[in-house]
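Below: one structure, written as structure tokens.
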Amino acid sequence: KPLEVQPPVRILGLVAAPVGLPMLNVRAEKENLNKALANAEADGLVELTWAPDASWRTIHDLLLEEPWNVLHFVGHGDFDASSDEGRLALVGPDDRPDYVQASRLADLLSEADPTPRLVVLNSCEAGQSGAEDLLSGTAAALVHGGVSAVAAMQFSISDDAAIAFARGFYTAIAHGRSVDMAARSGRIEILGLHTLEWVTPVLYAREGVRELFRLQGSPVNRPSRRPNRGAGTTAQPAVSRRPLTGPRPGGRAVRHLGPRRPHRSSQKIRRRRSS
């Protein structure tokens, strides 16, 4: 059942940059997402709040204190072959990596009431699944843990492509589009950059889940910060017309994933790579 939301859609942003891992430009990462959401925020459709840090305790406190519709994570993720489970690197008390397995992260998110319907993972390899268990990757495990949908990056992605995907994806979500159509919008926004990086985002969702939010009423009134484009501005094409190899971003190829080991949720999950 879609969650009824009075706009704006509330997004909790996390940037995890622990010591000892490849350096992240925290300021630039935040500016990138702020830039991607600038128009949607100006229109009162979304509201982005950055967590002061990406520690377990801080995330727990924020999830308990306020309702969040979306969790957006920027940081490092990998797949631990020894445990056959995806994990994300939060920031520990000593500022070093606190590797959190997908199952633990799902438990943390379940503390929110309601659990965020959407999680976006902008982290290297966060979209991969294990060879022995197709649902052991971080993204799929979060869906098994109660999140309705998770968008993740299956390869490293450039800043420009990440900004483009976030702009198209979140704007579509904020306008009440289905999660499938929002993912398609994000991928088409990347396609306008004349790059094949549109294949990088993958979407995991519970079987039958399409509409995450049912928007109620009008956005909160606020002065628009949109630039005045003025007359005579030449619109740029949103989509590249050059031929691409592989499936088109609007295709309907859906991969159904089988059940994992016994889990509290028995609902099926499907991985949507082209929606």
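Every chain in the structure tokens has a letter given in the order shown (A, B, ...), and although residue numbers restart at 1 in each chain, ligands are simply numbered from 1 in the order shown.
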
Contacts of stretch 47-59 of chain A within 10 Å, only C-alpha atoms, excl. fewer than 3 positions in-chain, as number ranges by chain: A: 7-18, 30, 33-34, 37-38, 40-42, 44, 62-65, 68, 70-75, 89-93, 95, 97-98, 100, 105, 108-109

Polymer residues at most 8 Å from stretch 163-175 of chain A, only C-alpha atoms, same-chain spacing of 3 or more positions, as a ChimeraX atom specification: /A:7-9,32-33,35-37,40,45-46,159-160,178-179,181-190,213

Write down as a PyMOL selection string the residues of stretch 38-190 of chain A whose backbone DSSP state falls under strand (DSSP E or B). chain A and resi 46-50+70-80+85-91+97-101+118-124+149-153

Considering only alpha helix (DSSP H) as DSSP defines it on the backbone, what residues of stretch 9-41 of chain A qualify? List them as a list in words. Val26, Arg27, Ala28, Glu29, Lys30, Glu31, Asn32, Leu33, Asn34, Lys35, Ala36, Ala38, Asn39, Ala40 and Glu41 of chain A

Could you pull the residues within 12 Å of A:Thr138, counting only C-alpha atoms, minus those fewer than 4 positions along the same chain, as a ChimeraX atom specification? /A:76-80,84-89,99-106,119-130,133-134,142-145,147,150-154,203-204

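Note that atom CA of A:Ala162 and atom CA of A:Thr115 are 24.7 Å apart.
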
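What separates atom CA of A:Ala205 from atom CA of A:Gly137 is a distance of 13.3 Å.
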
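Using only C-alpha atoms for every distance, the candidate list A:Asp180, A:Asp43, A:Asp113, A:Glu31 yields A:Asp113 as the residue closest to A:Glu66.
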
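Between atom CA of A:Asn69 and atom CA of A:Gln6 there is a distance of 10.9 Å.
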
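Taking only C-alpha atoms into account, A:Val209 lies nearest to A:Ser148 out of the set A:Ser83, A:Ser148, A:Arg27, A:Arg117.
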